[in-house]
Structure formats: C-alpha cells, structure tokens
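One file, protein32.cif, is given below (mmCIF, C-alpha atoms and all ligand atoms).
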```cif
data_run
loop_
_atom_site.label_atom_id
_atom_site.label_comp_id
_atom_site.auth_asym_id
_atom_site.auth_seq_id
_atom_site.Cartn_x
_atom_site.Cartn_y
_atom_site.Cartn_z
CA MET A 265 120.54 136.98 136.45
CA SER A 266 117.30 138.24 134.84
CA ASN A 267 116.91 135.03 132.90
CA ARG A 268 117.23 132.98 136.09
CA LEU A 269 114.74 135.21 137.93
CA SER A 270 112.23 134.93 135.11
CA ARG A 271 112.43 131.16 135.29
CA MET A 272 111.19 131.38 138.91
CA ILE A 273 108.85 134.35 138.71
CA LYS A 274 106.63 133.98 135.64
CA PRO A 275 107.17 136.96 133.30
CA SER A 276 103.54 136.66 132.08
CA ASP A 277 102.15 137.90 135.41
CA GLY A 278 105.16 138.52 137.68
CA LYS A 279 103.90 135.87 140.14
CA SER A 280 105.18 132.56 141.46
CA VAL A 281 104.08 129.43 143.29
CA MET A 282 107.23 128.02 144.87
CA LEU A 283 107.13 124.64 146.57
CA ALA A 284 109.26 124.57 149.74
CA CYS A 285 110.79 121.18 150.56
CA ASP A 286 113.99 122.35 152.29
CA HIS A 287 112.86 121.72 155.88
CA GLY A 288 115.07 118.67 156.42
CA TYR A 289 118.19 120.81 156.66
CA PHE A 290 117.36 121.59 160.27
CA MET A 291 114.21 119.51 161.03
CA GLY A 292 115.38 116.13 159.72
CA PRO A 293 112.71 113.76 158.33
CA THR A 294 109.73 116.03 158.94
CA HIS A 295 106.21 114.55 158.80
CA ASN A 296 105.29 113.78 155.16
CA LEU A 297 108.77 114.73 153.92
CA GLU A 298 110.45 111.55 155.20
CA ASN A 299 110.94 110.38 151.62
CA PRO A 300 111.46 113.60 149.66
CA ARG A 301 111.05 112.08 146.19
CA LYS A 302 107.74 110.45 147.12
CA THR A 303 106.45 113.80 148.42
CA ILE A 304 107.79 115.97 145.61
CA GLU A 305 107.01 113.87 142.50
CA PRO A 306 103.18 114.17 142.43
CA ILE A 307 103.17 117.91 143.29
CA ILE A 308 106.05 119.22 141.20
CA PRO A 309 104.07 119.58 137.94
CA TYR A 310 102.11 122.38 139.67
CA ALA A 311 105.09 124.28 141.12
CA ASP A 312 106.85 127.18 139.38
CA THR A 313 109.97 126.55 141.48
CA LEU A 314 111.18 123.87 143.89
CA SER A 315 113.10 124.84 147.07
CA VAL A 316 115.49 122.13 148.27
CA THR A 317 119.00 121.59 149.61
CA ARG A 318 121.71 120.10 147.41
CA GLY A 319 121.42 116.77 149.23
CA VAL A 320 117.76 116.40 148.29
CA LEU A 321 118.41 117.80 144.81
CA ARG A 322 121.04 115.14 144.16
CA SER A 323 119.23 112.22 145.79
CA SER A 324 115.57 112.87 145.13
CA VAL A 325 115.03 115.21 142.19
CA ASP A 326 115.11 113.79 138.68
CA PRO A 327 117.48 115.86 136.51
CA LYS A 328 114.97 115.44 133.66
CA TRP A 329 112.35 117.49 135.55
CA ASP A 330 112.58 121.04 134.28
CA THR A 331 111.20 122.92 137.31
CA PRO A 332 113.64 125.69 138.31
CA ILE A 333 115.49 125.05 141.56
CA LEU A 334 115.82 127.47 144.48
CA LEU A 335 118.75 126.01 146.39
CA ARG A 336 118.87 126.41 150.17
CA VAL A 337 122.53 127.19 150.97
CA SER A 338 122.49 128.10 154.66
CA GLY A 339 122.46 125.79 157.67
CA GLY A 340 124.47 124.66 160.66
CA ALA A 341 121.82 124.37 163.37
CA SER A 342 119.22 121.70 164.16
CA VAL A 343 115.89 121.59 166.01
CA LEU A 344 117.75 120.12 168.98
CA ASN A 345 119.21 123.56 169.58
CA ASP A 346 116.99 126.25 171.11
CA ASP A 347 118.85 128.85 169.10
CA LEU A 348 118.49 128.14 165.38
CA SER A 349 120.17 131.37 164.30
CA ASN A 350 123.80 130.17 164.29
CA GLU A 351 123.96 129.46 160.54
CA GLU A 352 126.74 129.63 157.97
CA ILE A 353 126.83 129.23 154.21
CA THR A 354 126.74 125.47 153.59
CA THR A 355 127.02 125.23 149.80
CA SER A 356 129.42 127.08 147.52
CA MET A 357 128.23 129.27 144.68
CA LYS A 358 130.42 127.17 142.39
CA ASP A 359 128.40 124.07 143.28
CA ALA A 360 125.13 126.02 142.90
CA ALA A 361 126.23 126.99 139.37
CA ARG A 362 127.21 123.39 138.58
CA LEU A 363 123.77 122.25 139.81
CA ASN A 364 122.25 124.74 137.34
CA VAL A 365 119.97 126.36 139.92
CA ALA A 366 117.75 129.38 139.27
CA ALA A 367 118.59 131.01 142.62
CA VAL A 368 120.01 130.36 146.07
CA ALA A 369 118.33 131.01 149.43
CA ILE A 370 119.78 131.92 152.82
CA SER A 371 118.17 132.72 156.17
CA ILE A 372 118.78 135.98 157.98
CA PHE A 373 118.11 136.17 161.72
CA VAL A 374 117.49 139.84 162.46
CA GLY A 375 117.48 140.77 166.15
CA THR A 376 119.17 137.56 167.32
CA ALA A 377 122.59 136.84 168.78
CA HIS A 378 123.71 135.93 165.24
CA GLU A 379 122.17 138.89 163.44
CA LYS A 380 125.50 140.26 162.16
CA GLN A 381 126.80 136.83 161.13
CA SER A 382 123.68 136.05 159.12
CA LEU A 383 123.61 139.47 157.43
CA VAL A 384 127.30 139.23 156.53
CA ASN A 385 126.67 135.70 155.19
CA LEU A 386 123.94 137.18 152.98
CA SER A 387 126.25 139.93 151.73
CA LYS A 388 129.00 137.40 150.86
CA LEU A 389 126.51 135.23 149.02
CA VAL A 390 125.19 138.23 147.06
CA ASP A 391 128.75 139.16 146.04
CA GLU A 392 129.43 135.61 144.86
CA GLY A 393 126.04 135.47 143.13
CA GLU A 394 126.98 138.60 141.16
CA ASP A 395 130.06 136.76 139.81
CA TYR A 396 127.95 133.84 138.61
CA GLY A 397 124.71 135.66 137.69
CA ILE A 398 122.83 133.74 140.37
CA PRO A 399 120.15 135.65 142.31
CA VAL A 400 119.88 135.34 146.09
CA MET A 401 116.69 135.02 148.13
CA ALA A 402 116.85 136.24 151.76
CA ILE A 403 114.58 134.39 154.18
CA THR A 404 113.52 136.33 157.27
CA ALA A 405 113.81 133.40 159.66
CA VAL A 406 112.38 133.50 163.17
CA GLY A 407 113.56 130.09 164.39
CA LYS A 408 111.30 128.81 167.15
CA GLU A 409 110.07 132.31 168.01
CA LEU A 410 106.97 132.25 165.81
CA GLU A 411 105.40 135.08 167.82
CA LYS A 412 107.98 137.43 166.27
CA ARG A 413 105.92 137.43 163.08
CA ASP A 414 104.46 140.94 163.23
CA ALA A 415 104.54 143.72 160.65
CA LYS A 416 107.05 145.90 162.51
CA TYR A 417 109.61 143.11 162.82
CA LEU A 418 109.04 141.56 159.39
CA ALA A 419 109.15 144.95 157.62
CA LEU A 420 112.55 145.59 159.22
CA ALA A 421 113.98 142.16 158.47
CA THR A 422 112.61 142.09 154.90
CA ARG A 423 114.00 145.53 154.12
CA LEU A 424 117.43 144.58 155.50
CA GLY A 425 117.50 141.57 153.17
CA ALA A 426 116.71 143.73 150.15
CA GLU A 427 119.20 146.45 151.15
CA ILE A 428 122.03 143.92 151.30
CA GLY A 429 121.20 142.77 147.80
CA ALA A 430 118.67 139.93 147.86
CA LYS A 431 116.70 139.86 144.60
CA VAL A 432 113.68 138.27 146.32
CA VAL A 433 112.74 138.06 150.01
CA LYS A 434 110.75 135.28 151.64
CA THR A 435 108.93 136.26 154.80
CA TYR A 436 105.75 135.43 156.69
CA TYR A 437 102.26 136.79 156.22
CA CYS A 438 101.07 138.91 159.16
CA GLU A 439 98.46 141.49 160.07
CA ASN A 440 99.20 144.77 158.22
CA PHE A 441 101.29 142.84 155.70
CA SER A 442 101.16 145.75 153.24
CA LYS A 443 103.63 147.54 155.58
CA VAL A 444 106.09 144.67 154.94
CA ALA A 445 105.55 144.48 151.17
CA ASN A 446 105.47 148.26 150.62
CA GLY A 447 108.71 148.76 152.50
CA CYS A 448 110.59 146.27 150.36
CA PRO A 449 111.93 147.32 146.94
CA VAL A 450 112.23 143.75 145.64
CA PRO A 451 109.54 141.04 145.22
CA VAL A 452 108.30 139.39 148.39
CA VAL A 453 106.91 135.85 148.73
CA VAL A 454 105.38 134.32 151.85
CA ALA A 455 106.02 131.04 153.61
CA GLY A 456 103.07 129.15 155.04
CA GLY A 457 104.50 128.27 158.46
CA PRO A 458 103.21 125.29 160.49
CA LYS A 459 100.11 123.46 159.24
CA LEU A 460 96.98 125.59 159.53
CA LYS A 461 93.67 124.14 160.76
CA THR A 462 91.65 124.26 157.53
CA GLU A 463 92.16 124.64 153.80
CA ALA A 464 90.18 127.89 153.99
CA ASP A 465 92.87 129.23 156.36
CA ILE A 466 95.53 128.46 153.74
CA PHE A 467 93.59 130.09 150.92
CA ASN A 468 92.83 133.15 153.04
CA LEU A 469 96.51 133.52 153.87
CA VAL A 470 97.52 133.29 150.20
CA TYR A 471 94.73 135.59 149.01
CA ASN A 472 95.47 138.26 151.62
CA ALA A 473 99.24 138.08 151.07
CA LEU A 474 98.79 138.62 147.32
CA ASP A 475 96.18 141.32 147.87
CA GLU A 476 98.58 143.15 150.19
CA GLY A 477 101.60 143.05 147.90
CA ALA A 478 103.27 139.61 147.85
CA ILE A 479 104.05 138.21 144.40
CA GLY A 480 103.51 134.62 145.47
CA VAL A 481 104.30 131.94 147.97
CA ASP A 482 107.18 129.63 148.86
CA MET A 483 105.07 127.16 150.79
CA GLY A 484 105.70 123.70 152.17
CA ARG A 485 103.89 122.11 155.13
CA ASN A 486 100.46 123.48 154.28
CA ILE A 487 100.76 121.73 150.91
CA TRP A 488 102.47 118.41 151.58
CA GLN A 489 101.18 117.82 155.10
CA ASN A 490 97.64 118.11 153.74
CA GLU A 491 95.84 114.90 152.86
CA HIS A 492 95.28 116.28 149.33
CA PRO A 493 98.50 118.09 148.37
CA VAL A 494 97.78 118.28 144.64
CA ALA A 495 94.33 119.75 145.23
CA VAL A 496 95.81 122.33 147.64
CA ILE A 497 98.57 123.48 145.29
CA LYS A 498 96.13 123.73 142.37
CA ALA A 499 93.86 125.94 144.47
CA ILE A 500 96.85 128.10 145.48
CA ARG A 501 97.80 128.43 141.80
CA ALA A 502 94.27 129.62 141.04
CA ILE A 503 94.67 132.46 143.56
CA VAL A 504 98.21 133.39 142.52
CA HIS A 505 97.93 133.10 138.74
CA GLU A 506 94.21 133.44 138.02
CA ASN A 507 93.15 135.97 140.65
CA ALA A 508 90.72 133.46 142.18
CA THR A 509 88.86 134.45 145.33
CA VAL A 510 89.05 132.31 148.47
CA LYS A 511 85.65 130.83 147.60
CA GLU A 512 86.77 129.97 144.08
CA ALA A 513 89.99 128.44 145.41
CA GLN A 514 87.96 126.32 147.83
CA GLN A 515 85.92 125.09 144.84
CA VAL A 516 89.11 124.24 142.89
CA PHE A 517 90.26 122.30 145.95
CA GLU A 518 86.98 120.37 146.31
CA ASP A 519 86.79 119.58 142.55
CA ASN A 520 90.36 118.31 142.42
CA LYS A 521 89.99 116.33 145.62
CA LYS A 522 87.03 114.51 144.06
CA SER A 523 88.61 113.91 140.65
CA ILE A 524 91.91 112.68 142.10
CA LYS A 525 89.99 110.31 144.42
CA ALA A 526 87.95 109.01 141.46
CA GLU A 527 91.16 108.47 139.42
CA LEU A 528 92.71 106.48 142.28
CA GLU A 529 89.62 104.31 142.63
CA ASN A 530 89.53 103.45 138.89
C1 LIG B 601 112.28 126.52 156.37
O1 LIG B 601 112.73 125.41 156.41
C2 LIG B 601 112.16 127.14 155.09
O2 LIG B 601 112.50 128.47 154.96
C3 LIG B 601 110.82 126.85 154.45
O3 LIG B 601 111.10 126.80 153.09
C4 LIG B 601 109.75 127.88 154.70
O4 LIG B 601 109.45 128.01 156.06
C5 LIG B 601 108.49 127.57 153.90
O5 LIG B 601 107.91 126.38 154.30
P1 LIG B 601 106.56 126.37 155.17
O6 LIG B 601 105.48 126.86 154.25
O7 LIG B 601 106.38 124.95 155.55
O8 LIG B 601 106.76 127.30 156.33
#
```
Using the file provided, produce a representation of the structure as structure tokens.
Amino acid sequence: MSNRLSRMIKPSDGKSVMLACDHGYFMGPTHNLENPRKTIEPIIPYADTLSVTRGVLRSSVDPKWDTPILLRVSGGASVLNDDLSNEEITTSMKDAARLNVAAVAISIFVGTAHEKQSLVNLSKLVDEGEDYGIPVMAITAVGKELEKRDAKYLALATRLGAEIGAKVVKTYYCENFSKVANGCPVPVVVAGGPKLKTEADIFNLVYNALDEGAIGVDMGRNIWQNEHPVAVIKAIRAIVHENATVKEAQQVFEDNKKSIKAELEN
C-alpha cells in the first residue's frame, strides 16, 4: 500500500501532479479528449500519475509508459441524466490489481439522494483494497451542482471520505480551503473543474490550494483544453514541486509556449 502511494505522491516532497483524463466515463468524448491517446501522449512525461478508466487504459495507454495509474472505478450515470449521483463500482479490485494500478478512485455524492449508496460503495472498495494493498481515492463529486463547492460542504464531504478509509481525497478548491484541508487527516488534492478564463486563474488556483494545505492537483480540462497543454502542466509542476509563485509559473508557461512553438516550426 505504501509503495503504491509513494509511486503517486513523490516521497521527495510529498506532492503530486496528477493528470485527470477520466471524464469520458460520464461525459463521453469531451472536447480535446475525443482521442485519449492523442491527448495523453504529449503531456504524460510531465505527470506524476495518470487518472483514467480501464477502457482508456487498455485502448489508449502504452503499457511501456511507466507513469503510475489512478484507475477510476465508479460510474453508472451519464451527462444525459440530471442526477449524476447514482453510481456503482464498475471495475473489480481483481482487475485493478491485474492492471497493476497504483490506486483506484471512486466518487462520493454527499448530501444527494444516493449519499448512502456512494459511501457504502467507498467502504466496500476500501475493504477490497486492503486485501490487495491498493489504496483508494475518494472524490467529493458535485455532479452538475457546481455551486455546492464551498468550504462547509467540501470539508464535510472530504472528511467523510477519509473517515471511511480513503488514503487520498480529491476535492475542489474553494474560498477558505484551509478549512477543508485542515479537517482531513489524509492528503488532499484538488481538481480544476471546468476551463478557467486565463492561465493566471489556473496558476492562482494551484498556488492557493497548495498554500492552504493541498498536496497537489488531479487536474484535467484546464490542462488539455488549453491551447498549450505541455506549457500549462510544466507551470503547474513548478508551483507544486518547486514552490514557484504565480508570477514564476506564468513565466514558465510563456517560456515553454515559445520554445514548443519554435520546435514545431523547425
Ligand atoms: C471527473 O470526471 C473527474 O473526477 C475528474 O478527474 C476531475 O473532475 C478532475 O478533472 P478536471 O480538472 O477537469 O475537473
């Protein structure tokens, strides 16, 4: 279990840049993730972990790549349904072990009609993970209700995930985020959510989340829906692993944008 966790969260600094590409499990061929391999291949060298479903792992991830895998194992709803909370476990722990993943991830939907179901699903997954030595990440999902992302709600949902046995919790950044991170006894990473307006918005989110107690990010759309995904992830890495400021991250972004453009033109 510890060995798997230290593959995802770098033991040198206890931080992690996870690349989230698991959106298709309920969103289908999301913008810029229509062809998962094409999206993932250029960015993966800069990710400490890759989050995908088993379908994308099998079809689009080269087994020779050595980036640890965080396997999404919950699902059962699609964007066509207003209520996204009716999820079950969709991949067995036996298959997760066979796929040699570093951890599995499951959404919990606190405060919804399927609150109990999702929390019991998490507890079952944690029990099975103990048998195989596979850590579980709980994701405090809000479905379409993005306005739910406040400190009071996220602190509750995050803590519930940890209490049931998640080894890591993924949640959202929010105002007073330290209330969320401080109330959670296991490491917390933040998702990015829908595409933000500017790169500075992304770097501010990452900087503030880390400053207020997150150990990293598990971010998707704000990386691969950007015109310069490699430059964005490199700038995020600078904040997470090198304590860069927002200004320094912006400079990393601009420098990489230029050098990648020059490489393409040559
Ligand atoms: C939802 O599909 C997943 O939990 C995503 O992995 C999570 O929301 C992170 O991706 P994004 O940064 O695009 O929100």
- Can you pull out every residue within 10 Å of A:Glu392, counting all atoms listed in the file, but drop anything in the same chain fewer than 6 positions away, and send it as a ChimeraX atom specification? /A:356-358,386,398-400
Go ahead and write the residues just picked, C-alpha atoms, as a PDB file, keeping the file's coordinate frame.
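Generated output (again-v9.pdb):
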```
ATOM      1  CA  SER A 356     129.420 127.080 147.520  1.00  0.00           C
ATOM      2  CA  MET A 357     128.230 129.270 144.680  1.00  0.00           C
ATOM      3  CA  LYS A 358     130.420 127.170 142.390  1.00  0.00           C
ATOM      4  CA  LEU A 386     123.940 137.180 152.980  1.00  0.00           C
ATOM      5  CA  ILE A 398     122.830 133.740 140.370  1.00  0.00           C
ATOM      6  CA  PRO A 399     120.150 135.650 142.310  1.00  0.00           C
ATOM      7  CA  VAL A 400     119.880 135.340 146.090  1.00  0.00           C
TER       8      VAL A 400
END
```
- Mind listing the residues within 9 Å of ligand LIG 601 (chain B), all atoms listed in the file counted, as a ChimeraX atom specification? /A:283-291,315-316,336,369-371,403-405,407,434-436,454-459,481-489
- Check the smallest atom-to-atom distance from each of A:Val368, A:Ala473, A:Val406, A:Leu460 to A:Lys431 using all atoms listed in the file, then report the winner.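 Counting all atoms listed in the file, the residue closest to A:Lys431 is A:Val368.
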- Quick one: residues within 12 Å of A:Phe441, all atoms listed in the file counted, chain neighbours fewer than 2 positions away excluded, as an MDAnalysis selection string? chainID A and resid 413:419 422 435:439 443:448 452:454 469:478
Take every atom of stretch 382-387 of chain A listed in the file, pad by 8 Å on each side, and give me the axis-aligned box centre and edge lengths in Å, one decimal, as lines of an AutoDock Vina configuration file.
```
center_x = 125.5
center_y = 137.8
center_z = 155.4
size_x = 19.7
size_y = 20.2
size_z = 23.4
```
- What does the distance between atom CA of A:Thr331 and atom CA of A:Asn520 come to in Å, to one decimal place?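 Separating atom CA of A:Thr331 from atom CA of A:Asn520 is a distance of 21.9 Å.
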- Query: Which neighbours of stretch 272-280 of chain A fall inside 8 Å, counting only C-alpha atoms, when residues of the same chain fewer than 5 positions from it are skipped, and could you give them as a list in words?
  - Reply: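 The residues satisfying every condition are Asp312, Thr313, Pro332, Ala366, Ile479, Gly480, Val481, Val504 and His505 of chain A.
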With C-alpha atoms kept, could you save the residues just selected as a PDB file, keeping the file's coordinate frame?
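What ended up in part_8.pdb:
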```
ATOM      1  CA  ASP A 312     106.850 127.180 139.380  1.00  0.00           C
ATOM      2  CA  THR A 313     109.970 126.550 141.480  1.00  0.00           C
ATOM      3  CA  PRO A 332     113.640 125.690 138.310  1.00  0.00           C
ATOM      4  CA  ALA A 366     117.750 129.380 139.270  1.00  0.00           C
ATOM      5  CA  ILE A 479     104.050 138.210 144.400  1.00  0.00           C
ATOM      6  CA  GLY A 480     103.510 134.620 145.470  1.00  0.00           C
ATOM      7  CA  VAL A 481     104.300 131.940 147.970  1.00  0.00           C
ATOM      8  CA  VAL A 504      98.210 133.390 142.520  1.00  0.00           C
ATOM      9  CA  HIS A 505      97.930 133.100 138.740  1.00  0.00           C
TER      10      HIS A 505
END
```
- Atom pair atom CA of A:Glu298 / atom CA of A:Ile503: separation (Å):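 These atoms are spaced 28.7 Å apart.
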- Go through A:Ser324, A:Val374, A:Ala361, A:Arg301 one by one, measure the shortest atom-to-atom distance of each to A:Asp395 using all atoms listed in the file, and give the residue with the smallest value. A:Ala361
- Task: Select, from A:Leu297, A:Ser338, A:Ser323, A:Ile304, the residue with the minimum atom-to-atom distance to A:Ile497, counting all atoms listed in the file.
- Result: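 For A:Ile497, the nearest of the candidates is A:Ile304.
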- Message: as a VMD selection string, please: the residues near A:Lys521 (cut-off 9 Å, all atoms listed in the file, same-chain neighbours under 2 positions excluded).
- Response: chain A and resid 492 494 to 496 516 to 519 523 to 526
- Task: Grab the atom CA of A:Asp346 to atom CA of A:His378 distance for me, in Å with one decimal place.
- Result: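 Going from atom CA of A:Asp346 over to atom CA of A:His378 covers 13.2 Å.
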